[in-house]
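Structure record follows, encoded as structure tokens.
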Amino acid sequence: MRETVPAMPPIFSARPTPDLLLARRAAAGQAGAWDEILALYGERLYNLAFQFAGSRPEAEDLTQEIFLRLFQNLRRYRGEAPLAAWAFRLSRNLCIDHYRRMREERRSVLVSEEILRQVAAGDDPRAEAERRQEVAAVYQALEEMPESLAEVVVLRDLQGWSLEETAAALGVPVGTVKSRLHRARIEVAERVTARLQARWPGAVAAALEVTTC
Amino acid sequence: MERASKAAVRLPVPVSLRRALRSIPAADFQAEVPGPRRVPSLPVPASLQTRLRALAEPARVVRPLPAWLRSSRPAVAASILIAMLAIRILGDPLAMGRRAVDSAAVRWRGWESGWESHVTATYGETRSSLTQSLTDLSSRAISIQASIQAAVRALIPESIPSSFRRLR
């Protein structure tokens, strides 16, 4: 089966993408272009950095590193991928390093309290407790899994990136993302099921829901 | 051999086997596997926004001082020129200095004499006030002594020997 490779537009494309135009404007120092990039991708990349860093201060530093690389390399951007995915690809090593460090440091406390605090389930304390257990189980599963599988779940499922964006961010074809995602989800499901089955019968189905590829 | 192979190809799949094979569900490798739910999005902190905006701001270029200002020779020349101009405009600096010293001495003398008289007056006032206070204290002590003597005389009876009374 042939894998779908993200389309690479020519360098001097007749119809440049909006991202490419924006990048060119920002690289040329046009007032407001950089602010526009921050408005479009700031939250997205910050949340992604948060997933890899695990704490607010580290996430802020990591986001700054990502945007610094993005700014320094704006002239090299050819619009072949969405800007956010391209920025992540540039800074992937930084993110992976943070992720590894996080794994090393969190042998006792596996899931950041700040991540769990994001999870709210209305006024029902039992539902909230269950949801926190679910999220903790998912993160614990991800920490135990190989990085290549964990990062695809983080980008696609936890952050909601599209398959194309995930493929562009990881620098692999969409087909590879699909197959990795398939394997990663099975592994997450197995690990989460093993953890939750005893404590919260019936919570497994709620923890995992179908995401259309 | 040839006949046997032809016969083998022609062998039909038994109905029972076909039924059994059909009953096995096909392994669906393309089936969707549930993934974890998306986590809520966090807003970018204001402090981080400021830091990110600053990334694109051009670095402030500090202009170096002009060469004629950085070199010592032009600075010395400029100082001499300024001094000559000042002499020309304001007059001889030596005479100006002498005048300044004289006027300062006169002022000092005036201030010194004034200070001396002030100290003398203050000292006199303090001294007279102290003398007056001591005189008052002395007269008060004498009057207290007299009243005590009178009280003692009234209280001690005549039976007490004169030798002891003399002690009063």
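Each chain in the structure tokens gets a letter, A, B, ..., in the order shown, and its residues are numbered from 1; ligands are numbered from 1 in order too.
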Could you name the residues that touch segment 27-37 of chain A at 10 Å or less, counting only C-alpha atoms, but leaving out those on the same chain fewer than 4 positions away, as a PDB file with N, CA and C atoms, in the first residue's frame?
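For reference, result-v5.pdb as written:
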ATOM      1  N   ASP A  19      -0.195  30.871   5.283  1.00  0.00           N
ATOM      2  CA  ASP A  19       0.897  30.729   6.261  1.00  0.00           C
ATOM      3  C   ASP A  19       2.210  31.246   5.689  1.00  0.00           C
ATOM      4  N   LEU A  21       2.602  33.473   3.269  1.00  0.00           N
ATOM      5  CA  LEU A  21       2.542  34.931   3.149  1.00  0.00           C
ATOM      6  C   LEU A  21       2.798  35.590   4.500  1.00  0.00           C
ATOM      7  N   LEU A  22       2.179  35.007   5.508  1.00  0.00           N
ATOM      8  CA  LEU A  22       2.329  35.538   6.862  1.00  0.00           C
ATOM      9  C   LEU A  22       3.791  35.436   7.308  1.00  0.00           C
ATOM     10  N   ALA A  23       4.396  34.304   7.025  1.00  0.00           N
ATOM     11  CA  ALA A  23       5.801  34.096   7.409  1.00  0.00           C
ATOM     12  C   ALA A  23       6.707  35.081   6.695  1.00  0.00           C
ATOM     13  N   TYR A  41      -0.949  30.848  16.545  1.00  0.00           N
ATOM     14  CA  TYR A  41      -0.301  29.604  16.966  1.00  0.00           C
ATOM     15  C   TYR A  41       0.221  29.606  18.393  1.00  0.00           C
ATOM     16  N   GLY A  42       0.140  30.758  19.060  1.00  0.00           N
ATOM     17  CA  GLY A  42       0.679  30.859  20.429  1.00  0.00           C
ATOM     18  C   GLY A  42       0.076  29.840  21.361  1.00  0.00           C
ATOM     19  N   PHE A  67       9.332  29.401  19.656  1.00  0.00           N
ATOM     20  CA  PHE A  67       9.066  30.608  18.874  1.00  0.00           C
ATOM     21  C   PHE A  67      10.350  31.311  18.442  1.00  0.00           C
ATOM     22  N   PHE A  71      11.124  32.114  14.639  1.00  0.00           N
ATOM     23  CA  PHE A  71      11.466  33.455  14.158  1.00  0.00           C
ATOM     24  C   PHE A  71      12.784  33.452  13.382  1.00  0.00           C
ATOM     25  N   GLN A  72      13.756  32.720  13.941  1.00  0.00           N
ATOM     26  CA  GLN A  72      15.074  32.687  13.299  1.00  0.00           C
ATOM     27  C   GLN A  72      15.050  31.992  11.941  1.00  0.00           C
ATOM     28  N   ASN A  73      14.080  31.094  11.763  1.00  0.00           N
ATOM     29  CA  ASN A  73      14.048  30.305  10.529  1.00  0.00           C
ATOM     30  C   ASN A  73      12.911  30.688   9.589  1.00  0.00           C
ATOM     31  N   LEU A  74      12.245  31.806   9.872  1.00  0.00           N
ATOM     32  CA  LEU A  74      11.088  32.191   9.060  1.00  0.00           C
ATOM     33  C   LEU A  74      11.414  32.289   7.578  1.00  0.00           C
ATOM     34  N   ARG A  75      12.614  32.753   7.279  1.00  0.00           N
ATOM     35  CA  ARG A  75      12.996  32.932   5.869  1.00  0.00           C
ATOM     36  C   ARG A  75      13.124  31.592   5.139  1.00  0.00           C
ATOM     37  N   ARG A  76      13.352  30.529   5.927  1.00  0.00           N
ATOM     38  CA  ARG A  76      13.535  29.213   5.303  1.00  0.00           C
ATOM     39  C   ARG A  76      12.211  28.480   5.103  1.00  0.00           C
ATOM     40  N   TYR A  77      11.151  29.058   5.622  1.00  0.00           N
ATOM     41  CA  TYR A  77       9.839  28.401   5.513  1.00  0.00           C
ATOM     42  C   TYR A  77       9.321  28.510   4.080  1.00  0.00           C
ATOM     43  N   LEU A  83       2.277  26.224   9.578  1.00  0.00           N
ATOM     44  CA  LEU A  83       3.358  26.879  10.329  1.00  0.00           C
ATOM     45  C   LEU A  83       3.589  26.225  11.700  1.00  0.00           C
ATOM     46  N   ALA A  84       2.489  25.859  12.376  1.00  0.00           N
ATOM     47  CA  ALA A  84       2.622  25.264  13.716  1.00  0.00           C
ATOM     48  C   ALA A  84       3.369  23.932  13.636  1.00  0.00           C
TER      49      ALA A  84
ATOM     50  N   GLN B  49       3.231  35.976  26.696  1.00  0.00           N
ATOM     51  CA  GLN B  49       2.867  36.775  25.500  1.00  0.00           C
ATOM     52  C   GLN B  49       3.876  37.893  25.300  1.00  0.00           C
ATOM     53  N   LEU B  52       7.167  36.569  24.135  1.00  0.00           N
ATOM     54  CA  LEU B  52       7.136  36.122  22.740  1.00  0.00           C
ATOM     55  C   LEU B  52       7.110  37.317  21.782  1.00  0.00           C
ATOM     56  N   ARG B  53       6.373  38.366  22.186  1.00  0.00           N
ATOM     57  CA  ARG B  53       6.328  39.557  21.324  1.00  0.00           C
ATOM     58  C   ARG B  53       7.714  40.178  21.198  1.00  0.00           C
ATOM     59  N   ALA B  54       8.430  40.142  22.319  1.00  0.00           N
ATOM     60  CA  ALA B  54       9.755  40.778  22.346  1.00  0.00           C
ATOM     61  C   ALA B  54      10.744  40.073  21.417  1.00  0.00           C
ATOM     62  N   LEU B  55      10.469  38.826  21.058  1.00  0.00           N
ATOM     63  CA  LEU B  55      11.404  38.088  20.191  1.00  0.00           C
ATOM     64  C   LEU B  55      11.585  38.765  18.841  1.00  0.00           C
ATOM     65  N   ALA B  56      10.510  39.391  18.358  1.00  0.00           N
ATOM     66  CA  ALA B  56      10.572  39.983  17.015  1.00  0.00           C
ATOM     67  C   ALA B  56      10.998  41.443  17.030  1.00  0.00           C
ATOM     68  N   GLU B  57      11.150  41.991  18.247  1.00  0.00           N
ATOM     69  CA  GLU B  57      11.550  43.401  18.302  1.00  0.00           C
ATOM     70  C   GLU B  57      13.017  43.511  17.925  1.00  0.00           C
ATOM     71  N   PRO B  58      13.347  44.536  17.106  1.00  0.00           N
ATOM     72  CA  PRO B  58      14.755  44.677  16.719  1.00  0.00           C
ATOM     73  C   PRO B  58      15.613  45.039  17.927  1.00  0.00           C
TER      74      PRO B  58
END
At a cut-off of 8 Å, which residues of chain B touch chain A? Count only C-alpha atoms and give the answer as a PyMOL selection string. chain B and resi 32-44+48-49+51-53+55-56
Within 12 Å of Arg101 of chain A, counting only C-alpha atoms, which residues show up once you throw out same-chain ones fewer than 2 positions away? Write them as a JSON list (two decimals) with N, CA and C atoms, in the first residue's frame, please.
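Everything below was put into around_1.json:
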[["chain", "number", "residue", "atom", "x", "y", "z"],
["A", 52, "PHE", "N", 4.68, 18.35, 26.73],
["A", 52, "PHE", "CA", 6.03, 17.79, 26.77],
["A", 52, "PHE", "C", 6.77, 18.20, 28.04],
["A", 53, "ALA", "N", 6.52, 19.43, 28.51],
["A", 53, "ALA", "CA", 7.26, 19.93, 29.67],
["A", 53, "ALA", "C", 6.61, 19.48, 30.98],
["A", 54, "GLY", "N", 5.29, 19.54, 31.03],
["A", 54, "GLY", "CA", 4.59, 19.04, 32.22],
["A", 54, "GLY", "C", 4.39, 20.05, 33.32],
["A", 55, "SER", "N", 5.06, 21.20, 33.25],
["A", 55, "SER", "CA", 4.84, 22.23, 34.26],
["A", 55, "SER", "C", 4.81, 23.59, 33.57],
["A", 58, "GLU", "N", 8.29, 25.50, 32.90],
["A", 58, "GLU", "CA", 9.06, 24.82, 31.85],
["A", 58, "GLU", "C", 8.37, 24.95, 30.51],
["A", 94, "LEU", "N", 14.06, 19.74, 21.12],
["A", 94, "LEU", "CA", 13.87, 20.42, 22.41],
["A", 94, "LEU", "C", 12.73, 19.77, 23.19],
["A", 95, "CYS", "N", 11.63, 19.54, 22.48],
["A", 95, "CYS", "CA", 10.45, 18.95, 23.12],
["A", 95, "CYS", "C", 10.76, 17.54, 23.64],
["A", 96, "ILE", "N", 11.44, 16.77, 22.81],
["A", 96, "ILE", "CA", 11.76, 15.39, 23.20],
["A", 96, "ILE", "C", 12.69, 15.40, 24.42],
["A", 97, "ASP", "N", 13.65, 16.33, 24.41],
["A", 97, "ASP", "CA", 14.57, 16.42, 25.55],
["A", 97, "ASP", "C", 13.81, 16.72, 26.83],
["A", 98, "HIS", "N", 12.88, 17.67, 26.73],
["A", 98, "HIS", "CA", 12.06, 18.02, 27.90],
["A", 98, "HIS", "C", 11.26, 16.81, 28.35],
["A", 99, "TYR", "N", 10.73, 16.11, 27.40],
["A", 99, "TYR", "CA", 9.89, 14.95, 27.69],
["A", 99, "TYR", "C", 10.70, 13.86, 28.41],
["A", 103, "ARG", "N", 10.31, 12.54, 32.22],
["A", 103, "ARG", "CA", 10.18, 11.12, 32.55],
["A", 103, "ARG", "C", 11.15, 10.71, 33.65],
["A", 104, "GLU", "N", 12.40, 11.26, 33.52],
["A", 104, "GLU", "CA", 13.42, 10.93, 34.52],
["A", 104, "GLU", "C", 13.03, 11.48, 35.88],
["A", 105, "GLU", "N", 12.54, 12.75, 35.86],
["A", 105, "GLU", "CA", 12.27, 13.42, 37.14],
["A", 105, "GLU", "C", 11.01, 12.90, 37.82],
["A", 106, "ARG", "N", 10.08, 12.41, 37.03],
["A", 106, "ARG", "CA", 8.80, 12.02, 37.61],
["A", 106, "ARG", "C", 8.65, 10.53, 37.81],
["A", 107, "ARG", "N", 9.61, 9.99, 38.49],
["A", 107, "ARG", "CA", 9.49, 8.55, 38.75],
["A", 107, "ARG", "C", 8.44, 8.29, 39.82],
["A", 143, "GLU", "N", 3.80, 7.59, 29.26],
["A", 143, "GLU", "CA", 5.17, 7.65, 29.77],
["A", 143, "GLU", "C", 5.88, 6.31, 29.67]]
Between atom CA of Thr176 of chain A and atom CA of Leu90 of chain A, measure the distance and give it in Å to one decimal.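 It comes out at 19.5 Å.
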